[in-house]
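Asks: Just one file: protein38.txt, with compact mmCIF, C-alpha atoms.
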# COMPACT_ATOMS: atom_id res chain seq x y z
CA MET A 1 0.00 0.00 0.00
CA GLN A 2 1.07 3.55 -0.74
CA SER A 3 0.78 4.61 2.93
CA GLU A 4 3.16 1.82 3.98
CA LEU A 5 5.70 2.89 1.36
CA ILE A 6 5.50 6.54 2.47
CA GLU A 7 5.98 5.46 6.08
CA LYS A 8 9.01 3.36 5.12
CA ILE A 9 10.55 6.32 3.29
CA ASN A 10 9.83 8.67 6.20
CA ASN A 11 11.53 6.23 8.59
CA GLY A 12 14.75 6.47 6.57
CA GLU A 13 17.40 3.92 5.64
CA ASP A 14 18.12 0.93 7.84
CA SER A 15 19.41 -2.64 7.56
CA TYR A 16 16.46 -3.57 5.34
CA THR A 17 15.88 -0.39 3.33
CA GLN A 18 18.17 1.56 0.98
CA PHE A 19 17.46 4.68 -1.10
CA LYS A 20 19.06 5.34 -4.48
CA GLU A 21 18.86 8.07 -7.08
CA MET A 22 19.74 7.48 -10.69
CA PRO A 23 22.15 7.11 -12.32
CA ILE A 24 23.93 4.24 -10.53
CA ARG A 25 26.89 2.21 -11.75
CA SER A 26 26.52 -1.54 -12.14
CA GLN A 27 29.43 -2.18 -9.71
CA SER A 28 27.76 -0.09 -6.99
CA LEU A 29 24.42 -1.80 -7.50
CA ALA A 30 26.07 -5.24 -7.32
CA LYS A 31 27.61 -4.38 -3.93
CA GLU A 32 24.22 -3.33 -2.53
CA MET A 33 22.53 -6.48 -3.80
CA VAL A 34 25.30 -8.72 -2.46
CA ALA A 35 25.06 -7.10 0.98
CA PHE A 36 21.30 -7.71 1.18
CA SER A 37 21.65 -11.29 -0.10
CA ASN A 38 24.31 -12.13 2.50
CA SER A 39 22.17 -10.58 5.26
CA GLU A 40 18.43 -10.80 5.89
CA GLY A 41 17.31 -9.38 2.55
CA GLY A 42 15.66 -6.00 2.00
CA ILE A 43 14.53 -3.43 -0.56
CA ILE A 44 16.19 -0.73 -2.62
CA ILE A 45 13.89 2.19 -3.44
CA PHE A 46 15.02 3.98 -6.61
CA GLY A 47 13.96 7.59 -7.06
CA VAL A 48 14.47 8.65 -3.44
CA ALA A 49 17.44 10.70 -2.19
CA ASP A 50 19.45 9.85 0.94
CA ASN A 51 17.67 12.69 2.77
CA LYS A 52 14.27 10.95 2.07
CA ASP A 53 13.35 13.50 -0.62
CA ILE A 54 11.19 11.78 -3.27
CA LYS A 55 12.59 12.65 -6.71
CA GLY A 56 10.82 10.15 -8.94
CA LEU A 57 11.95 8.57 -12.21
CA ASN A 58 10.74 9.08 -15.77
CA SER A 59 9.59 6.23 -18.01
CA GLU A 60 12.85 6.04 -19.97
CA THR A 61 14.91 5.84 -16.78
CA LEU A 62 12.62 3.16 -15.35
CA GLU A 63 13.07 1.02 -18.47
CA LYS A 64 16.87 1.36 -18.38
CA LEU A 65 16.90 0.66 -14.65
CA GLY A 66 14.90 -2.54 -15.10
CA GLN A 67 17.45 -3.78 -17.65
CA LEU A 68 20.35 -2.75 -15.41
CA ILE A 69 18.95 -4.64 -12.41
CA ALA A 70 18.41 -7.80 -14.44
CA ASN A 71 21.91 -7.63 -15.94
CA VAL A 72 23.63 -6.94 -12.61
CA ALA A 73 21.75 -9.73 -10.81
CA ASN A 74 22.75 -12.23 -13.48
CA GLU A 75 26.21 -11.04 -14.58
CA ASN A 76 27.78 -9.09 -11.71
CA ILE A 77 26.90 -11.33 -8.75
CA ARG A 78 28.10 -14.85 -7.98
CA PRO A 79 26.02 -16.94 -7.68
CA PRO A 80 23.33 -14.99 -9.57
CA ILE A 81 20.30 -13.75 -7.64
CA HIS A 82 16.68 -13.13 -8.64
CA PRO A 83 15.39 -9.78 -7.36
CA LEU A 84 11.79 -8.66 -7.83
CA THR A 85 10.96 -5.21 -9.24
CA GLU A 86 7.81 -3.16 -8.79
CA ILE A 87 6.85 0.37 -9.88
CA LYS A 88 4.93 2.52 -7.39
CA THR A 89 3.57 6.06 -7.73
CA ILE A 90 3.57 8.63 -4.93
CA ASN A 91 2.13 12.10 -5.57
CA GLY A 92 2.50 11.56 -9.30
CA LEU A 93 6.18 10.53 -8.97
CA LYS A 94 7.19 7.02 -10.05
CA LEU A 95 9.55 4.91 -7.97
CA MET A 96 11.02 1.47 -8.54
CA ILE A 97 11.07 -0.92 -5.59
CA VAL A 98 13.61 -3.74 -5.85
CA THR A 99 13.16 -6.60 -3.39
CA ILE A 100 16.22 -8.78 -2.67
CA HIS A 101 15.51 -11.89 -0.65
CA LYS A 102 17.79 -13.39 1.96
CA GLY A 103 20.11 -15.64 -0.03
CA ILE A 104 19.85 -19.42 0.14
CA SER A 105 23.26 -20.00 -1.51
CA LYS A 106 25.49 -17.83 0.71
CA PRO A 107 28.00 -16.38 0.49
CA TYR A 108 27.40 -14.07 -2.48
CA SER A 109 30.10 -11.89 -4.00
CA THR A 110 30.60 -9.43 -6.81
CA THR A 111 32.35 -10.77 -9.89
CA SER A 112 35.47 -8.94 -8.69
CA GLY A 113 35.49 -11.18 -5.60
CA GLU A 114 34.16 -8.75 -2.97
CA TYR A 115 31.90 -10.07 -0.20
CA TYR A 116 29.60 -7.58 1.55
CA ILE A 117 27.10 -7.71 4.39
CA LYS A 118 24.69 -5.11 5.77
CA SER A 119 25.92 -3.03 8.70
CA GLY A 120 23.08 -0.81 9.85
CA SER A 121 21.96 1.33 6.94
CA ASP A 122 25.32 0.85 5.24
CA LYS A 123 27.32 -2.15 4.09
CA LYS A 124 30.76 -3.49 4.97
CA ILE A 125 33.29 -5.98 3.69
CA ILE A 126 32.64 -9.32 5.39
CA SER A 127 35.17 -10.23 8.06
CA GLN A 128 37.00 -13.54 7.74
CA PRO A 129 35.02 -15.18 10.61
CA GLU A 130 31.72 -14.06 9.08
CA LEU A 131 32.78 -15.24 5.63
CA LYS A 132 33.77 -18.60 7.08
CA ARG A 133 30.36 -18.92 8.71
CA LEU A 134 28.59 -18.12 5.46
CA PHE A 135 30.61 -20.76 3.59
CA ALA A 136 29.83 -23.24 6.36
CA GLN A 137 26.10 -22.48 6.12
CA SER A 138 26.14 -23.03 2.37
CA SER A 139 27.70 -26.49 2.83
CA ASN A 140 25.62 -27.31 5.95
CA LEU A 141 28.79 -27.62 8.03
CA TYR A 142 28.70 -26.48 11.64
CA ALA A 143 31.67 -25.07 13.50
CA ASP A 144 31.76 -27.93 16.02
CA GLU A 145 32.04 -30.47 13.16
CA GLU A 146 35.21 -28.94 11.72
CA ILE A 147 38.50 -30.77 11.96
CA VAL A 148 41.11 -29.52 14.41
CA PHE A 149 44.31 -30.10 12.49
CA ASN A 150 47.45 -31.35 14.28
CA THR A 151 45.24 -33.41 16.61
CA ASN A 152 44.76 -37.17 16.62
CA ILE A 153 43.20 -39.79 18.86
CA THR A 154 46.10 -39.61 21.32
CA ASP A 155 44.90 -36.09 22.23
CA LEU A 156 41.62 -37.56 23.48
CA ASN A 157 41.04 -38.06 27.20
CA LYS A 158 39.74 -41.62 26.87
CA GLU A 159 38.69 -41.96 30.50
CA LEU A 160 36.53 -38.86 30.16
CA PHE A 161 34.96 -40.16 26.96
CA TYR A 162 34.30 -43.60 28.50
CA GLU A 163 32.56 -41.91 31.42
CA PHE A 164 30.30 -40.03 29.01
CA LEU A 165 29.61 -43.09 26.85
CA GLU A 166 28.58 -45.16 29.86
CA LYS A 167 25.92 -42.53 30.65
CA GLU A 168 24.83 -41.95 27.07
CA ASP A 169 24.58 -45.53 25.77
CA LEU A 170 25.47 -48.39 28.09
CA ARG A 171 25.09 -50.98 25.33
CA ILE A 172 27.64 -49.24 23.09
CA TYR A 173 29.95 -48.82 26.07
CA GLU A 174 29.81 -52.55 26.85
CA GLU A 175 30.39 -53.48 23.22
CA LEU A 176 33.46 -51.24 23.24
CA GLN A 177 34.74 -52.89 26.41
CA ASN A 178 34.14 -56.31 24.85
CA GLU A 179 35.99 -55.19 21.67
CA GLN A 180 32.89 -55.67 19.54
CA LEU A 181 33.21 -52.03 18.48
CA THR A 182 36.28 -49.85 18.03
CA LEU A 183 36.84 -46.53 19.74
CA ILE A 184 37.53 -44.89 16.37
CA SER A 185 34.20 -45.99 14.87
CA ILE A 186 32.27 -44.72 17.90
CA LEU A 187 34.04 -41.36 17.79
CA GLU A 188 33.46 -41.01 14.06
CA ASN A 189 29.75 -41.86 14.38
CA ARG A 190 29.40 -39.05 16.92
CA GLU A 191 31.33 -36.55 14.74
CA LEU A 192 34.08 -36.35 17.36
CA LEU A 193 36.77 -37.70 15.04
CA ARG A 194 37.16 -37.25 11.30
CA ASP A 195 40.00 -38.20 8.98
CA SER A 196 42.06 -39.25 12.04
CA HIS A 197 41.70 -35.77 13.60
CA LEU A 198 39.55 -34.62 16.49
CA THR A 199 36.71 -32.34 15.53
CA LEU A 200 36.19 -29.10 17.42
CA ALA A 201 33.52 -30.77 19.57
CA GLY A 202 35.80 -33.73 20.26
CA ASN A 203 38.64 -31.46 21.35
CA LEU A 204 36.59 -29.04 23.44
CA ILE A 205 34.68 -31.71 25.36
CA PHE A 206 37.10 -34.63 25.54
CA GLY A 207 40.53 -33.20 24.68
CA LYS A 208 43.42 -33.63 27.09
CA THR A 209 44.46 -29.99 26.64
CA PRO A 210 41.79 -28.29 24.44
CA GLN A 211 43.38 -24.82 24.41
CA ARG A 212 46.62 -26.21 23.05
CA PHE A 213 44.89 -26.48 19.68
CA ASN A 214 42.01 -24.02 20.07
CA LYS A 215 43.85 -21.22 21.81
CA SER A 216 41.03 -18.64 21.88
CA PHE A 217 38.34 -20.85 23.38
CA TYR A 218 38.75 -20.15 27.08
CA ILE A 219 37.02 -17.91 29.63
CA ASP A 220 38.32 -14.51 30.76
CA TYR A 221 37.27 -13.79 34.32
CA VAL A 222 37.74 -10.31 35.83
CA TYR A 223 36.33 -8.82 39.04
CA PHE A 224 36.67 -5.06 38.56
CA ASN A 225 37.01 -2.69 41.50
CA GLY A 226 34.21 -0.40 40.37
CA ASN A 227 31.49 -0.24 37.73
CA ASP A 228 33.52 0.22 34.54
CA VAL A 229 36.15 -1.72 32.59
CA THR A 230 38.36 1.39 32.53
CA VAL A 231 39.09 1.27 36.28
CA ASN A 232 42.76 0.87 37.19
CA ASN A 233 42.30 -1.85 39.79
CA PHE A 234 40.79 -5.30 39.84
CA ILE A 235 39.88 -7.48 42.80
CA ALA A 236 40.43 -10.79 41.01
CA LYS A 237 41.47 -11.88 37.55
CA ASP A 238 42.07 -15.22 35.89
CA ILE A 239 41.98 -17.19 32.64
CA ILE A 240 39.95 -20.39 32.87
CA LYS A 241 41.04 -23.23 30.59
CA GLY A 242 40.17 -26.88 30.17
CA THR A 243 37.37 -29.04 28.82
CA PHE A 244 33.72 -28.01 28.76
CA GLY A 245 33.15 -29.61 32.14
CA GLU A 246 36.17 -27.87 33.66
CA LEU A 247 35.23 -24.48 32.19
CA TYR A 248 31.76 -24.79 33.67
CA LYS A 249 32.88 -25.89 37.14
CA GLN A 250 35.66 -23.30 37.47
CA SER A 251 33.48 -20.45 36.21
CA LEU A 252 30.70 -21.26 38.64
CA LEU A 253 33.22 -21.61 41.48
CA PHE A 254 34.77 -18.19 40.70
CA LEU A 255 31.38 -16.50 40.60
CA LYS A 256 30.18 -18.08 43.82
CA SER A 257 33.40 -17.18 45.64
CA SER A 258 33.24 -13.56 44.40
CA LEU A 259 29.61 -12.82 45.20
CA LYS A 260 28.23 -11.87 48.60
CA LYS A 261 26.15 -14.11 50.82
CA VAL A 262 23.15 -12.26 52.19
CA GLN A 263 21.62 -12.98 55.59
CA VAL A 264 17.97 -13.91 55.05
CA GLU A 265 17.11 -15.26 58.48
CA THR A 266 17.22 -13.38 61.79
CA ASN A 267 19.41 -16.03 63.39
CA PHE A 268 23.03 -14.83 63.22
CA ASN A 269 24.31 -18.41 62.83
CA SER A 270 22.09 -19.18 59.83
CA LEU A 271 23.73 -19.78 56.48
CA GLY A 272 23.79 -16.82 54.08
CA LYS A 273 22.08 -16.90 50.70
CA LEU A 274 24.06 -16.11 47.55
CA GLU A 275 23.10 -12.62 46.29
CA ILE A 276 22.39 -14.06 42.81
CA ASN A 277 20.58 -17.38 42.54
CA GLU A 278 23.05 -20.15 41.65
CA ILE A 279 20.61 -21.56 39.10
CA ILE A 280 20.84 -18.28 37.15
CA LEU A 281 24.64 -18.41 37.13
CA SER A 282 24.67 -22.06 36.11
CA GLU A 283 22.18 -21.62 33.24
CA LEU A 284 23.99 -18.61 31.79
CA ILE A 285 27.44 -20.22 31.91
CA VAL A 286 26.07 -23.29 30.12
CA ASN A 287 24.33 -21.07 27.58
CA ALA A 288 27.62 -19.29 26.86
CA LEU A 289 29.57 -22.52 26.36
CA VAL A 290 27.02 -24.33 24.19
CA HIS A 291 25.69 -21.47 22.06
CA ARG A 292 28.65 -19.16 21.43
CA ASP A 293 29.97 -18.70 17.88
CA TYR A 294 33.05 -20.89 17.50
CA TYR A 295 33.91 -19.33 14.15
CA ILE A 296 35.02 -16.25 16.09
CA ASN A 297 38.42 -16.63 17.72
CA SER A 298 37.69 -14.92 21.00
CA SER A 299 37.14 -15.86 24.63
CA ILE A 300 33.93 -15.85 26.65
CA LYS A 301 34.13 -13.00 29.16
CA ILE A 302 32.72 -12.98 32.68
CA PHE A 303 33.01 -9.51 34.20
CA ILE A 304 31.98 -8.72 37.76
CA PHE A 305 31.35 -5.09 38.73
CA ASP A 306 30.12 -3.56 41.98
CA ASN A 307 26.56 -3.32 40.66
CA ARG A 308 26.29 -6.08 38.03
CA ILE A 309 27.70 -9.16 36.30
CA GLU A 310 28.23 -9.28 32.54
CA ILE A 311 28.63 -12.51 30.56
CA ILE A 312 29.75 -11.75 27.02
CA ASN A 313 29.50 -14.37 24.29
CA PRO A 314 31.39 -14.14 20.98
CA GLY A 315 28.84 -14.01 18.18
CA LYS A 316 25.40 -12.49 17.71
CA LEU A 317 22.30 -14.66 17.85
CA THR A 318 22.25 -17.19 15.04
CA ASN A 319 19.94 -17.18 12.01
CA SER A 320 16.55 -15.58 12.67
CA LEU A 321 16.77 -15.68 16.47
CA THR A 322 16.00 -12.49 18.37
CA VAL A 323 16.08 -11.63 22.07
CA GLU A 324 12.28 -11.85 22.19
CA LYS A 325 12.33 -15.30 20.60
CA ILE A 326 14.85 -16.74 23.07
CA LYS A 327 12.86 -15.24 25.95
CA SER A 328 9.84 -17.19 24.73
CA GLY A 329 11.84 -20.43 24.63
CA ILE A 330 12.63 -20.67 20.92
CA SER A 331 16.01 -22.28 20.32
CA ILE A 332 18.13 -22.88 17.20
CA HIS A 333 21.19 -25.04 17.74
CA ARG A 334 24.29 -23.35 16.37
CA ASN A 335 26.51 -26.21 17.57
CA PRO A 336 24.47 -29.43 17.32
CA ILE A 337 27.20 -31.83 18.51
CA LEU A 338 28.05 -29.71 21.54
CA ASN A 339 24.32 -29.39 22.18
CA SER A 340 23.67 -33.14 22.17
CA ILE A 341 26.69 -34.17 24.24
CA SER A 342 26.42 -31.35 26.78
CA LYS A 343 23.19 -32.94 28.03
CA TYR A 344 25.35 -35.63 29.63
CA ILE A 345 28.20 -33.52 31.01
CA LEU A 346 26.52 -30.24 32.04
CA PRO A 347 23.25 -29.30 33.78
CA TYR A 348 21.63 -28.69 30.39
CA SER A 349 18.43 -29.93 28.76
CA GLY A 350 18.74 -28.44 25.26
CA TYR A 351 15.02 -27.63 25.13
CA GLY A 352 15.36 -23.84 25.07
CA SER A 353 13.97 -23.60 28.60
CA GLY A 354 17.09 -22.15 30.26
CA ILE A 355 16.45 -18.48 29.47
CA LYS A 356 12.80 -18.77 30.51
CA ARG A 357 13.91 -20.34 33.79
CA VAL A 358 16.42 -17.55 34.38
CA LEU A 359 13.85 -14.81 33.72
CA LYS A 360 11.35 -16.46 36.05
CA LEU A 361 13.94 -16.17 38.84
CA ASP A 362 15.01 -12.64 37.88
CA PRO A 363 12.91 -10.71 35.31
CA THR A 364 15.38 -7.76 35.41
CA ILE A 365 18.13 -9.67 33.59
CA GLN A 366 19.04 -7.96 30.30
CA PHE A 367 19.91 -9.69 27.04
CA ILE A 368 21.69 -7.61 24.38
CA ASN A 369 22.21 -8.96 20.85
CA ASP A 370 24.96 -6.63 19.58
CA ILE A 371 25.05 -7.17 15.81
CA GLU A 372 27.75 -4.57 15.17
CA LYS A 373 30.20 -6.00 17.72
CA GLU A 374 29.11 -9.56 16.94
CA GLN A 375 28.52 -10.48 20.55
CA PHE A 376 25.69 -11.49 22.86
CA LYS A 377 25.72 -9.94 26.32
CA VAL A 378 23.82 -10.84 29.48
CA ILE A 379 23.64 -8.32 32.33
CA ILE A 380 22.62 -9.45 35.83
CA LYS A 381 22.07 -6.84 38.50
CA ARG A 382 23.69 -7.41 41.89
Represent the supplied structure as structure tokens.

Replies:
Amino acid sequence: MQSELIEKINNGEDSYTQFKEMPIRSQSLAKEMVAFSNSEGGIIIFGVADNKDIKGLNSETLEKLGQLIANVANENIRPPIHPLTEIKTINGLKLMIVTIHKGISKPYSTTSGEYYIKSGSDKKIISQPELKRLFAQSSNLYADEEIVFNTNITDLNKELFYEFLEKEDLRIYEELQNEQLTLISILENRELLRDSHLTLAGNLIFGKTPQRFNKSFYIDYVYFNGNDVTVNNFIAKDIIKGTFGELYKQSLLFLKSSLKKVQVETNFNSLGKLEINEIILSELIVNALVHRDYYINSSIKIFIFDNRIEIINPGKLTNSLTVEKIKSGISIHRNPILNSISKYILPYSGYGSGIKRVLKLDPTIQFINDIEKEQFKVIIKR
């Protein structure tokens, strides 16, 4: 409807809407289309200036523009895309609306080899981690399935794996003990070993020294003396390394030892209650470990301030997830192997109920999906 289009123009450019006047070069148009295709899709409105002033296009320009769009979509973008065009009239001025859908064959590039993604109302060259994720999506490969080169089965903590296997499938465990099955075949069937190398999931959960091969996948823990990261002093600071189980246990221990215990009963000799419910801390640590983006080489960060705790995850929410969706219990598994195995080694169900449980205990907890910084932050008030 015309009123909806006018409202969209009045709202200005954003991640889903771009304005363009004519003329436009084919290379510039290709970059815009690539950025939308590699993101969530959107529209380009031709005949509108950046300042939202409606200029309109004449019939000859509209015809040339239609040919240009078709040529660029087919010849200047790899793989080719299929945009939809529509002519609308506002106050006697004709505009062309070009709809570019979210791509199903990511990543897309210009024929000169440039990969773009939307960044607010503008576009940016895709970072290497983002490009790697897009390639992985196109081949249906998840980060936790990828091979960790320079590893082999000797880097596996077999006792730890046997302990897991006994819980997960006692029959398979007994067949392994009776030499009816081989350790290698069991690991390969669970995507923990491929081509004689541990996968990322295999290394992170069952590796002897996981950070030897995946150096960035640890937890930074800092207790700041104040309410800002720029303060000069800290009360406690550490780097937590180890397997998934060790990262979880050590993180929870650090948090519990740093937080206050509040007296809730009148009896002086009664035990104090932790100022933040331990269930909240447990759920959010597990969430960080299982759902972070392992294509980004960065640590999980747990920051304690005088008035709050921040848990910062590398990577924005995956696919179409939003903060509102995760609050309602919707879950999309970014790391399916880690998700399935963590049910046996962490207090984790995998049903998307963790965030709902946390909010039931403390509705003031904030969740921030920072797309620009590519991180997901949780803020818990003290």

Asks: Could you tell me how far atom CA of Lys327 of chain A sits from atom CA of Ile368 of chain A, in Å to one decimal place?

Replies: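 Here the two named atoms are 11.8 Å from each other.
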
Asks: Hey, can you check how far atom CA of Thr151 of chain A sits from atom CA of Phe213 of chain A?

Replies: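 The value is 7.6 Å.
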
Asks: Find the distance between atom CA of Asn297 of chain A and atom CA of Asn152 of chain A and write it in Å to one decimal.

Replies: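 It comes out at 21.5 Å.
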
Asks: Which residues are near segment 124-137 of chain A? Cut-off 6 Å, only C-alpha atoms, ignore same chain within fewer than 6 positions. Put them as a ChimeraX atom specification.

Replies: /A:106-107,115-117,295-296

Asks: For the selection you just gave me, I'd like the residues written to a file as an mmCIF file, keeping the file's coordinate frame, keeping C-alpha atoms.

Replies:
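Done, and the output landed in part-v8.cif:
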data_model
loop_
_atom_site.group_PDB
_atom_site.id
_atom_site.type_symbol
_atom_site.label_atom_id
_atom_site.label_comp_id
_atom_site.auth_asym_id
_atom_site.auth_seq_id
_atom_site.Cartn_x
_atom_site.Cartn_y
_atom_site.Cartn_z
ATOM 1 C CA LYS A 106 25.490 -17.830 0.710
ATOM 2 C CA PRO A 107 28.000 -16.380 0.490
ATOM 3 C CA TYR A 115 31.900 -10.070 -0.200
ATOM 4 C CA TYR A 116 29.600 -7.580 1.550
ATOM 5 C CA ILE A 117 27.100 -7.710 4.390
ATOM 6 C CA TYR A 295 33.910 -19.330 14.150
ATOM 7 C CA ILE A 296 35.020 -16.250 16.090
#

Asks: Restricting the calculation to all atoms listed in the file, which member of A:Ile43, A:Leu346, A:Leu95, A:Val378 is positioned closest to Thr61 of chain A?

Replies: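 The closest residue to Thr61 of chain A is A:Leu95.
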
Asks: Considering all atoms listed in the file, can you say which of A:Ile276, A:Ile371, A:Ile24, A:Ile104 comes closest to Gly315 of chain A?

Replies: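 Closest to Gly315 of chain A of all the choices is A:Ile371.
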
Asks: So that each row is one residue of segment 110-177 of chain A with an atom at most 10 Å from segment 12-19 of chain A, can you give its shortest atom pair and the distance in Å to one decimal, using all atoms listed in the file, rows by chain and rising number, as a Markdown table?

Replies:
| residue | atom | partner | partner_atom | distance |
| --- | --- | --- | --- | --- |
| A:Ile117 | CA | A:Ser15 | CA | 9.7 |
| A:Lys118 | CA | A:Ser15 | CA | 6.1 |
| A:Ser119 | CA | A:Ser15 | CA | 6.6 |
| A:Gly120 | CA | A:Ser15 | CA | 4.7 |
| A:Ser121 | CA | A:Asp14 | CA | 4.0 |
| A:Asp122 | CA | A:Ser15 | CA | 7.2 |
| A:Lys123 | CA | A:Ser15 | CA | 8.7 |

Asks: How about saving the chosen residues, C-alpha atoms kept, as a PDB file, in the frame of the given file?

Replies:
ATOM      1  CA  ILE A 117      27.100  -7.710   4.390  1.00  0.00           C
ATOM      2  CA  LYS A 118      24.690  -5.110   5.770  1.00  0.00           C
ATOM      3  CA  SER A 119      25.920  -3.030   8.700  1.00  0.00           C
ATOM      4  CA  GLY A 120      23.080  -0.810   9.850  1.00  0.00           C
ATOM      5  CA  SER A 121      21.960   1.330   6.940  1.00  0.00           C
ATOM      6  CA  ASP A 122      25.320   0.850   5.240  1.00  0.00           C
ATOM      7  CA  LYS A 123      27.320  -2.150   4.090  1.00  0.00           C
TER       8      LYS A 123
END

Asks: Counting only C-alpha atoms, find the residues whose atoms lie at most 7 Å from (30.2, -22.3, 30.9) (file coordinates) and write them out as a list of chain:residue names.

Replies: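 Output of the proximity query reads A:Leu247, A:Tyr248, A:Ser251, A:Ile285, A:Val286, A:Asn287, A:Ala288, A:Leu289.
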
Asks: Ranking A:Lys31, A:Arg78, A:Arg357, A:Lys55 by minimum distance to Asn91 of chain A and counting all atoms listed in the file, which one comes first?

Replies: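 Of the candidates, the smallest distance to Asn91 of chain A is held by A:Lys55.
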
Asks: Could you list as an NGL selection string every residue that has an atom within 7 Å of (34.2, -13.6, 26.7), using the file's coordinates and counting only C-alpha atoms?

Replies: :A and (219-220 or 298-302 or 311-314)

Asks: Where does segment 56-173 of chain A meet segment 194-199 of chain A within 9 Å, residue by residue, with the nearest atom pair and distance in Å to one decimal for each, counting only C-alpha atoms, listed by chain and rising number, as a tab-separated table?

Replies:
residue	atom	partner	partner_atom	distance
A:Asp144	CA	A:Thr199	CA	6.6
A:Glu145	CA	A:Thr199	CA	5.6
A:Glu146	CA	A:Thr199	CA	5.3
A:Ile147	CA	A:Thr199	CA	4.3
A:Val148	CA	A:Thr199	CA	5.3
A:Phe149	CA	A:His197	CA	6.3
A:Asn150	CA	A:His197	CA	7.3
A:Thr151	CA	A:His197	CA	5.2
A:Asn152	CA	A:His197	CA	4.5
A:Ile153	CA	A:Leu198	CA	6.8
A:Asp155	CA	A:Leu198	CA	8.0
A:Leu156	CA	A:Leu198	CA	7.9

Asks: Give me a file of those residues, with C-alpha atoms, as a short mmCIF file (atom, residue, chain, number, x, y, z; two decimals), keeping the file's coordinate frame.

Replies:
data_model
loop_
_atom_site.label_atom_id
_atom_site.label_comp_id
_atom_site.auth_asym_id
_atom_site.auth_seq_id
_atom_site.Cartn_x
_atom_site.Cartn_y
_atom_site.Cartn_z
CA ASP A 144 31.76 -27.93 16.02
CA GLU A 145 32.04 -30.47 13.16
CA GLU A 146 35.21 -28.94 11.72
CA ILE A 147 38.50 -30.77 11.96
CA VAL A 148 41.11 -29.52 14.41
CA PHE A 149 44.31 -30.10 12.49
CA ASN A 150 47.45 -31.35 14.28
CA THR A 151 45.24 -33.41 16.61
CA ASN A 152 44.76 -37.17 16.62
CA ILE A 153 43.20 -39.79 18.86
CA ASP A 155 44.90 -36.09 22.23
CA LEU A 156 41.62 -37.56 23.48
#

Asks: Choose the residue, out of A:Ala70, A:Ser59, A:Phe46, A:Val34, that has the smallest atom-to-atom separation from Gly103 of chain A; count all atoms listed in the file.

Replies: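 Smallest separation from Gly103 of chain A among the options: A:Val34.
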
Asks: For His82 of chain A, list every protein, DNA or RNA residue within 10 Å, evaluated using all atoms listed in the file, and leave out those in the same chain fewer than 3 positions away; present the list as a PyMOL selection string.

Replies: chain A and resi 69-70+73-74+85+99-101+103

Asks: Can you tell me, as a list of chain:residue names, what residues are no more than 7 Å from Ile355 of chain A when counting all atoms listed in the file, ignoring any on the same chain fewer than 4 positions away?

Replies: A:Ile326, A:Lys327, A:Gly329, A:Leu359

Asks: Quick one: 8 Å padding each side, axis-aligned, all listed atoms of segment 140-147 of chain A - centre and edge lengths in Å to one decimal, as AutoDock Vina command-line options?

Replies:
--center_x 32.1 --center_y -27.9 --center_z 11.0 --size_x 28.9 --size_y 21.7 --size_z 26.1

Asks: Please write a file for segment 292-326 of chain A, taken from the block I just shared, that holds C-alpha atoms and is laid out as a PDB file, in the first residue's frame.

Replies:
ATOM      1  CA  ARG A 292      28.649 -19.161  21.428  1.00  0.00           C
ATOM      2  CA  ASP A 293      29.972 -18.701  17.881  1.00  0.00           C
ATOM      3  CA  TYR A 294      33.052 -20.890  17.497  1.00  0.00           C
ATOM      4  CA  TYR A 295      33.912 -19.327  14.147  1.00  0.00           C
ATOM      5  CA  ILE A 296      35.018 -16.252  16.090  1.00  0.00           C
ATOM      6  CA  ASN A 297      38.422 -16.626  17.716  1.00  0.00           C
ATOM      7  CA  SER A 298      37.688 -14.918  21.002  1.00  0.00           C
ATOM      8  CA  SER A 299      37.143 -15.858  24.625  1.00  0.00           C
ATOM      9  CA  ILE A 300      33.933 -15.846  26.645  1.00  0.00           C
ATOM     10  CA  LYS A 301      34.134 -13.001  29.157  1.00  0.00           C
ATOM     11  CA  ILE A 302      32.721 -12.976  32.677  1.00  0.00           C
ATOM     12  CA  PHE A 303      33.014  -9.509  34.203  1.00  0.00           C
ATOM     13  CA  ILE A 304      31.982  -8.719  37.763  1.00  0.00           C
ATOM     14  CA  PHE A 305      31.347  -5.093  38.726  1.00  0.00           C
ATOM     15  CA  ASP A 306      30.119  -3.561  41.977  1.00  0.00           C
ATOM     16  CA  ASN A 307      26.563  -3.322  40.662  1.00  0.00           C
ATOM     17  CA  ARG A 308      26.291  -6.083  38.030  1.00  0.00           C
ATOM     18  CA  ILE A 309      27.696  -9.162  36.304  1.00  0.00           C
ATOM     19  CA  GLU A 310      28.226  -9.278  32.536  1.00  0.00           C
ATOM     20  CA  ILE A 311      28.630 -12.510  30.562  1.00  0.00           C
ATOM     21  CA  ILE A 312      29.750 -11.749  27.016  1.00  0.00           C
ATOM     22  CA  ASN A 313      29.502 -14.374  24.294  1.00  0.00           C
ATOM     23  CA  PRO A 314      31.395 -14.140  20.979  1.00  0.00           C
ATOM     24  CA  GLY A 315      28.837 -14.009  18.184  1.00  0.00           C
ATOM     25  CA  LYS A 316      25.404 -12.488  17.706  1.00  0.00           C
ATOM     26  CA  LEU A 317      22.298 -14.659  17.845  1.00  0.00           C
ATOM     27  CA  THR A 318      22.253 -17.187  15.042  1.00  0.00           C
ATOM     28  CA  ASN A 319      19.945 -17.181  12.015  1.00  0.00           C
ATOM     29  CA  SER A 320      16.553 -15.575  12.672  1.00  0.00           C
ATOM     30  CA  LEU A 321      16.772 -15.675  16.466  1.00  0.00           C
ATOM     31  CA  THR A 322      15.999 -12.490  18.373  1.00  0.00           C
ATOM     32  CA  VAL A 323      16.080 -11.629  22.066  1.00  0.00           C
ATOM     33  CA  GLU A 324      12.284 -11.852  22.189  1.00  0.00           C
ATOM     34  CA  LYS A 325      12.331 -15.301  20.605  1.00  0.00           C
ATOM     35  CA  ILE A 326      14.845 -16.744  23.072  1.00  0.00           C
TER      36      ILE A 326
END
